[in-house]
>>> print(open('coords-v9.csv').read())   # CSV, C-alpha atoms and all ligand atoms
chain,number,residue,atom,x,y,z
A,1319,MET,CA,-2.2,18.0,-42.6
A,1320,PHE,CA,-3.1,14.5,-43.6
A,1321,GLU,CA,-5.4,13.9,-40.7
A,1322,GLU,CA,-6.5,10.7,-42.2
A,1323,PHE,CA,-3.1,9.2,-41.4
A,1324,GLY,CA,-3.2,9.9,-37.7
A,1325,LYS,CA,-4.1,7.7,-34.8
A,1326,ALA,CA,-7.1,5.9,-36.3
A,1327,TYR,CA,-5.1,5.0,-39.4
A,1328,TRP,CA,-2.3,3.4,-37.4
A,1329,GLU,CA,-4.6,1.7,-35.0
A,1330,GLU,CA,-6.5,0.1,-37.9
A,1331,ARG,CA,-3.3,-1.0,-39.5
A,1332,TYR,CA,-2.2,-2.8,-36.4
A,1333,ARG,CA,-5.5,-4.3,-35.7
A,1334,GLY,CA,-5.7,-5.6,-39.2
A,1335,HIS,CA,-2.6,-7.7,-38.8
A,1336,ALA,CA,-1.6,-10.3,-36.2
A,1337,ALA,CA,1.3,-9.3,-33.9
A,1338,ALA,CA,4.4,-9.3,-36.0
A,1339,TYR,CA,7.1,-9.1,-33.3
A,1340,ASP,CA,9.8,-11.6,-33.8
A,1341,GLY,CA,12.5,-10.0,-31.7
A,1342,ARG,CA,14.6,-8.7,-34.5
A,1343,PRO,CA,15.5,-5.1,-34.2
A,1344,ASN,CA,16.0,-2.9,-37.3
A,1345,PRO,CA,19.3,-3.7,-38.9
A,1346,GLN,CA,20.4,0.0,-39.1
A,1347,LEU,CA,19.8,0.3,-35.3
A,1348,VAL,CA,22.1,-2.7,-34.7
A,1349,ALA,CA,24.7,-1.3,-37.1
A,1350,GLU,CA,24.7,2.2,-35.6
A,1351,ALA,CA,23.9,1.8,-31.9
A,1352,GLY,CA,25.5,-1.6,-31.2
A,1353,GLU,CA,28.8,0.0,-30.1
A,1354,LEU,CA,27.3,2.8,-28.0
A,1355,ALA,CA,27.5,2.7,-24.2
A,1356,PRO,CA,24.0,2.2,-22.8
A,1357,GLY,CA,22.3,5.2,-21.2
A,1358,THR,CA,18.9,6.7,-21.8
A,1359,ALA,CA,17.2,6.2,-25.2
A,1360,LEU,CA,14.1,7.5,-26.9
A,1361,ASP,CA,12.5,5.3,-29.6
A,1362,ALA,CA,10.1,7.6,-31.5
A,1363,GLY,CA,7.4,5.6,-33.3
A,1364,CYS,CA,8.4,2.3,-31.7
A,1365,GLY,CA,5.6,0.1,-33.2
A,1366,GLU,CA,5.6,-3.3,-31.6
A,1367,GLY,CA,8.7,-2.6,-29.7
A,1368,ALA,CA,11.5,-4.7,-31.2
A,1369,ASP,CA,14.0,-1.9,-31.2
A,1370,ALA,CA,13.1,-0.7,-27.7
A,1371,ILE,CA,13.3,-4.2,-26.4
A,1372,TRP,CA,16.7,-4.8,-28.1
A,1373,LEU,CA,18.0,-1.6,-26.6
A,1374,ALA,CA,16.7,-2.5,-23.1
A,1375,SER,CA,18.3,-6.0,-23.4
A,1376,ARG,CA,21.6,-4.2,-23.9
A,1377,GLY,CA,21.2,-2.1,-20.8
A,1378,TRP,CA,19.5,1.0,-22.1
A,1379,ARG,CA,16.7,2.7,-20.2
A,1380,VAL,CA,14.2,3.3,-23.0
A,1381,THR,CA,11.3,5.6,-23.5
A,1382,ALA,CA,9.3,4.1,-26.4
A,1383,VAL,CA,6.6,6.3,-27.9
A,1384,ASP,CA,3.9,5.4,-30.4
A,1385,ILE,CA,0.5,6.7,-31.4
A,1386,ALA,CA,-1.0,3.3,-31.7
A,1387,GLY,CA,-2.2,1.7,-28.5
A,1388,THR,CA,-2.5,-1.7,-30.1
A,1389,ALA,CA,1.2,-1.7,-31.0
A,1390,LEU,CA,2.2,-0.5,-27.5
A,1391,HIS,CA,0.0,-3.2,-25.9
A,1392,ARG,CA,1.7,-5.9,-27.9
A,1393,ALA,CA,5.1,-4.3,-27.2
A,1394,ARG,CA,4.6,-4.3,-23.5
A,1395,GLU,CA,3.4,-7.9,-23.5
A,1396,HIS,CA,6.5,-9.0,-25.4
A,1397,ALA,CA,8.8,-7.1,-23.0
A,1398,GLU,CA,7.1,-8.8,-20.1
A,1399,THR,CA,7.6,-12.2,-21.5
A,1400,LEU,CA,11.4,-11.4,-21.5
A,1401,GLY,CA,11.4,-10.8,-17.8
A,1402,ALA,CA,10.7,-8.2,-15.2
A,1403,ASP,CA,14.2,-6.8,-15.3
A,1404,LEU,CA,14.0,-6.0,-19.0
A,1405,ALA,CA,10.4,-4.9,-18.9
A,1406,SER,CA,11.2,-2.4,-16.1
A,1407,ARG,CA,13.7,-0.7,-18.4
A,1408,VAL,CA,11.1,0.4,-21.0
A,1409,ASP,CA,8.5,3.1,-20.5
A,1410,TRP,CA,5.8,2.7,-23.1
A,1411,VAL,CA,4.2,6.0,-23.9
A,1412,GLN,CA,1.2,6.5,-26.1
A,1413,ALA,CA,1.5,9.9,-27.7
A,1414,ASP,CA,1.2,11.7,-31.0
A,1415,LEU,CA,4.7,12.7,-32.0
A,1416,THR,CA,3.4,15.7,-33.9
A,1417,ASP,CA,2.4,17.4,-30.6
A,1418,TRP,CA,4.5,15.5,-28.0
A,1419,THR,CA,7.7,17.3,-27.1
A,1420,PRO,CA,10.4,15.2,-25.5
A,1421,THR,CA,12.5,16.7,-22.7
A,1422,GLU,CA,15.2,18.8,-24.2
A,1423,GLU,CA,18.9,17.8,-24.0
A,1424,HIS,CA,17.9,14.6,-22.2
A,1425,PHE,CA,18.5,11.3,-24.1
A,1426,ASP,CA,21.8,9.7,-24.8
A,1427,LEU,CA,20.3,8.2,-27.9
A,1428,VAL,CA,17.2,9.3,-29.9
A,1429,SER,CA,16.3,6.7,-32.5
A,1430,THR,CA,13.5,6.8,-35.0
A,1431,HIS,CA,12.9,4.3,-37.8
A,1432,TYR,CA,10.3,4.7,-40.7
A,1433,VAL,CA,8.1,7.1,-38.9
A,1434,HIS,CA,6.3,9.4,-41.3
A,1435,PRO,CA,4.1,11.8,-39.2
A,1436,ALA,CA,0.9,13.3,-40.5
A,1437,ALA,CA,2.5,16.7,-40.1
A,1438,SER,CA,5.8,18.4,-40.7
A,1439,ARG,CA,8.6,15.9,-40.7
A,1440,GLU,CA,11.1,18.7,-40.3
A,1441,ALA,CA,9.4,19.9,-37.1
A,1442,LEU,CA,9.4,16.4,-35.7
A,1443,PHE,CA,13.1,15.8,-36.4
A,1444,HIS,CA,13.9,19.2,-35.0
A,1445,ARG,CA,12.2,18.2,-31.7
A,1446,LEU,CA,13.9,14.9,-31.6
A,1447,ALA,CA,17.3,16.5,-32.2
A,1448,ALA,CA,16.6,19.0,-29.4
A,1449,SER,CA,16.0,16.1,-27.0
A,1450,VAL,CA,19.4,14.6,-27.5
A,1451,ALA,CA,21.7,15.2,-24.6
A,1452,PRO,CA,25.1,16.8,-25.1
A,1453,GLY,CA,27.4,14.1,-26.3
A,1454,GLY,CA,24.4,12.0,-27.3
A,1455,THR,CA,23.4,10.4,-30.6
A,1456,LEU,CA,20.6,11.1,-33.1
A,1457,LEU,CA,19.7,8.2,-35.4
A,1458,ILE,CA,17.1,8.7,-38.1
A,1459,VAL,CA,16.3,5.9,-40.5
A,1460,GLY,CA,13.8,6.1,-43.3
A,1461,HIS,CA,13.1,5.2,-46.9
A,1462,HIS,CA,15.6,6.6,-49.5
A,1463,PRO,CA,14.2,8.0,-52.7
A,1464,SER,CA,16.4,5.6,-54.7
A,1465,GLY,CA,14.0,2.8,-53.6
A,1466,PRO,CA,10.8,1.8,-55.4
A,1467,GLN,CA,8.2,4.4,-55.3
A,1468,PRO,CA,5.4,3.5,-52.9
A,1469,THR,CA,2.1,2.3,-54.0
A,1470,GLY,CA,0.2,2.5,-50.7
A,1471,SER,CA,-2.0,5.5,-50.0
A,1472,HIS,CA,-0.2,6.3,-46.8
A,1473,ALA,CA,3.3,6.1,-48.2
A,1474,SER,CA,2.5,8.1,-51.3
A,1475,ALA,CA,0.4,10.8,-49.6
A,1476,LEU,CA,3.0,11.4,-46.9
A,1477,GLN,CA,6.0,11.4,-49.2
A,1478,VAL,CA,7.9,9.0,-47.0
A,1479,HIS,CA,11.1,9.1,-48.9
A,1480,PHE,CA,13.9,11.5,-47.8
A,1481,THR,CA,17.7,11.6,-47.9
A,1482,ALA,CA,20.1,11.8,-45.1
A,1483,GLU,CA,21.5,15.0,-46.6
A,1484,GLU,CA,18.1,16.7,-46.3
A,1485,ILE,CA,17.9,15.8,-42.6
A,1486,ALA,CA,21.5,16.8,-41.9
A,1487,ALA,CA,20.9,20.2,-43.5
A,1488,GLY,CA,18.5,20.9,-40.6
A,1489,LEU,CA,21.1,20.3,-37.9
A,1490,ASP,CA,23.2,23.2,-36.7
A,1491,PRO,CA,26.8,22.4,-37.8
A,1492,GLY,CA,28.0,24.3,-34.7
A,1493,ARG,CA,26.3,21.7,-32.5
A,1494,TRP,CA,26.4,18.5,-34.5
A,1495,ASP,CA,29.0,16.2,-36.0
A,1496,ILE,CA,27.5,14.1,-38.7
A,1497,ALA,CA,28.9,10.6,-38.4
A,1498,VAL,CA,26.8,8.8,-41.1
A,1499,ALA,CA,24.7,10.3,-43.8
A,1500,GLU,CA,24.1,7.5,-46.3
A,1501,ALA,CA,21.8,5.5,-48.5
A,1502,ARG,CA,22.1,1.8,-47.9
A,1503,THR,CA,20.5,-1.1,-49.6
A,1504,ARG,CA,19.7,-4.4,-48.0
A,1505,SER,CA,17.9,-7.5,-48.9
A,1506,ALA,CA,14.6,-8.6,-47.3
A,1507,THR,CA,11.7,-10.7,-48.1
A,1508,ALA,CA,8.2,-9.2,-48.8
A,1509,HIS,CA,7.2,-11.1,-45.7
A,1510,GLU,CA,9.7,-9.1,-43.7
A,1511,GLY,CA,8.3,-6.1,-45.4
A,1512,HIS,CA,5.0,-6.9,-43.9
A,1513,ASP,CA,6.0,-7.8,-40.4
A,1514,GLY,CA,7.8,-5.2,-38.5
A,1515,HIS,CA,11.2,-4.8,-40.1
A,1516,GLU,CA,10.4,-3.1,-43.3
A,1517,HIS,CA,7.1,-2.3,-41.9
A,1518,HIS,CA,3.9,-1.3,-43.5
A,1519,GLU,CA,5.2,1.1,-46.1
A,1520,GLY,CA,7.7,-1.4,-47.3
A,1521,HIS,CA,4.9,-3.8,-47.8
A,1522,GLU,CA,2.8,-1.3,-49.5
A,1523,GLY,CA,5.6,-0.4,-51.8
A,1524,HIS,CA,6.0,-4.0,-52.9
A,1525,GLU,CA,2.5,-5.3,-53.2
A,1526,GLY,CA,2.3,-8.4,-55.3
A,1527,HIS,CA,5.7,-9.7,-54.2
A,1528,GLU,CA,4.7,-11.5,-51.1
A,1529,GLY,CA,7.4,-14.1,-50.2
A,1530,HIS,CA,9.8,-12.8,-52.9
A,1531,GLY,CA,13.2,-11.1,-52.2
A,1532,ILE,CA,13.1,-7.4,-52.3
A,1533,THR,CA,15.8,-4.7,-52.0
A,1534,ILE,CA,15.3,-2.1,-49.3
A,1535,HIS,CA,16.8,1.3,-49.8
A,1536,ASP,CA,17.4,2.9,-46.4
A,1537,THR,CA,18.3,6.5,-45.5
A,1538,VAL,CA,20.6,6.5,-42.5
A,1539,LEU,CA,21.6,9.6,-40.5
A,1540,ARG,CA,23.7,9.3,-37.4
A,1541,ALA,CA,24.8,12.4,-35.7
A,1542,ARG,CA,26.5,13.3,-32.4
A,1543,LYS,CA,25.6,16.4,-30.5
A,1544,ARG,CA,28.7,18.1,-29.3
A,1545,PRO,CA,29.3,17.8,-25.5
B,1,LIG,C1,6.2,1.9,-40.2
B,1,LIG,S1,6.0,1.8,-38.5
B,1,LIG,C2,7.6,1.7,-37.9
B,1,LIG,C3,7.6,1.1,-36.5
B,1,LIG,C4,9.0,0.9,-35.8
B,1,LIG,N1,9.8,2.2,-35.8
B,1,LIG,C5,9.8,-0.1,-36.6
B,1,LIG,O1,10.8,0.3,-37.3
B,1,LIG,O2,9.5,-1.3,-36.5
B,1,LIG,C6,5.6,3.5,-38.1
B,1,LIG,C7,5.2,3.7,-36.7
B,1,LIG,O3,5.0,5.1,-36.4
B,1,LIG,C8,3.9,5.3,-35.6
B,1,LIG,N2,3.4,6.6,-35.8
B,1,LIG,C9,3.0,7.2,-37.0
B,1,LIG,N3,2.6,8.5,-36.8
B,1,LIG,C10,2.9,8.7,-35.5
B,1,LIG,C11,2.7,9.9,-34.6
B,1,LIG,N4,2.2,11.0,-35.1
B,1,LIG,N5,3.0,9.8,-33.3
B,1,LIG,C12,3.5,8.6,-32.8
B,1,LIG,N6,3.7,7.5,-33.6
B,1,LIG,C13,3.4,7.5,-34.9
B,1,LIG,C14,2.9,4.2,-36.1
B,1,LIG,O4,1.9,3.9,-35.2
B,1,LIG,C15,3.9,3.0,-36.4
B,1,LIG,O5,4.0,2.3,-35.2
>>> encode(input="coords-v9.csv", output="structure tokens")
Amino acid sequence: MFEEFGKAYWEERYRGHAAAYDGRPNPQLVAEAGELAPGTALDAGCGEGADAIWLASRGWRVTAVDIAGTALHRAREHAETLGADLASRVDWVQADLTDWTPTEEHFDLVSTHYVHPAASREALFHRLAASVAPGGTLLIVGHHPSGPQPTGSHASALQVHFTAEEIAAGLDPGRWDIAVAEARTRSATAHEGHDGHEHHEGHEGHEGHEGHGITIHDTVLRARKRP
């Protein structure tokens, strides 16, 4: 499904832009994971690595996965500029999340932000949920349907919008406690939309507003797997 939005597509998108890393993690990650005790984390679709590096700086041991080698190369370089200790806490893995299965019941935190795979989103989220250790946290952030409808080919073709309730419905209520299932708005600039925080879809969705303030509509799901 949507083969055209696989590895080559993402490689091209990263190669077409200068590195955008500025060290700022996604705000919903900071809001939802800032109080968690560090352990093992999976950042699925890590891009240029701001979230993985932020987690590592807080003591997490991170597996950071992305399909785009260019993004991972930049991420690794950024981590190394921050010192060997931090760099050693992140494993950068190039893999396609549509056919990469993380170890089951393994991670204390599984975090994914604005990843819209070119295959079943439900199946991906199911695998990510399975990889959360008992007592661990699943954090899924994406674009809420209340936001502007996307104009970019990738965003519209992959139907990047979803609600937290849709994701929560796929979690076994006997195993999961839903801590947060919300739509949240936040302000950003179109520049941010272009450079790693609101990411490429955000930029696509706001073409023609470069440099102007925009409102981002986030879907936020945080759930804890019962011990
Ligand atoms: C919009 S960016 C978000 C990056 C990062 N999570 C962030 O919030 O800054 C989406 C990321 O998902 C990655 N991606 C898309 N499809 C993927 C797949 N099938 N497997 C692994 N990574 C994928 C892209 O390469 C890209 O880095």
>>> residues_around(input="coords-v9.csv", residues="stretch 1440-1453 of chain A", least_positions_apart="4", cutoff="8 Å", atoms="only C-alpha atoms", output="ChimeraX atom specification")
/A:1415-1416,1419-1428,1435,1485,1488-1489,1542-1545
>>> residues_near_ligand(input="coords-v9.csv", ligand="ligand LIG 1 (chain B)", cutoff="8 Å", atoms="all atoms listed in the file", output="PyMOL selection string")
chain A and resi 1323-1325+1328-1329+1332+1343-1344+1361-1369+1383-1386+1389+1412-1418+1430-1437+1514-1520
>>> atom_distance(input="coords-v9.csv", atom1="atom CA of A:Leu1400", atom2="atom CA of A:Ser1375")
9.0 Å
>>> atom_distance(input="coords-v9.csv", atom1="atom CA of A:Arg1407", atom2="atom CA of A:Ala1359")
10.3 Å
>>> residues_around(input="coords-v9.csv", residues="A:Ser1505", least_positions_apart="2", cutoff="9 Å", atoms="only C-alpha atoms", output="list of chain:residue names")
A:Thr1503, A:Thr1507, A:Gly1531, A:Ile1532, A:Thr1533, A:Ile1534, A:His1535
>>> closest_atom_pairs(input="coords-v9.csv", of="stretch 1335-1391 of chain A", to="stretch 1492-1498 of chain A", cutoff="12 Å", atoms="all atoms listed in the file", output="CSV")
residue,atom,partner,partner_atom,distance
A:Gln1346,CA,A:Val1498,CA,11.1
A:Ala1349,CA,A:Val1498,CA,11.1
A:Glu1350,CA,A:Val1498,CA,8.8
A:Ala1351,CA,A:Val1498,CA,11.9
>>> closest_residue(input="coords-v9.csv", among="A:Ala1487, A:Pro1463, A:Ile1371, A:Phe1480", to="A:Gly1401", atoms="all atoms listed in the file")
A:Ile1371
>>> atom_distance(input="coords-v9.csv", atom1="atom CA of A:Ser1464", atom2="atom CA of A:Pro1345")
18.6 Å
>>> closest_residue(input="coords-v9.csv", among="A:Glu1395, A:Glu1330, A:Asp1490, A:Asp1409", to="A:Leu1360", atoms="only C-alpha atoms")
A:Asp1409
>>> closest_residue(input="coords-v9.csv", among="A:Arg1376, A:Gly1387, A:Pro1356, A:Val1348", to="A:Ala1326", atoms="all atoms listed in the file")
A:Gly1387
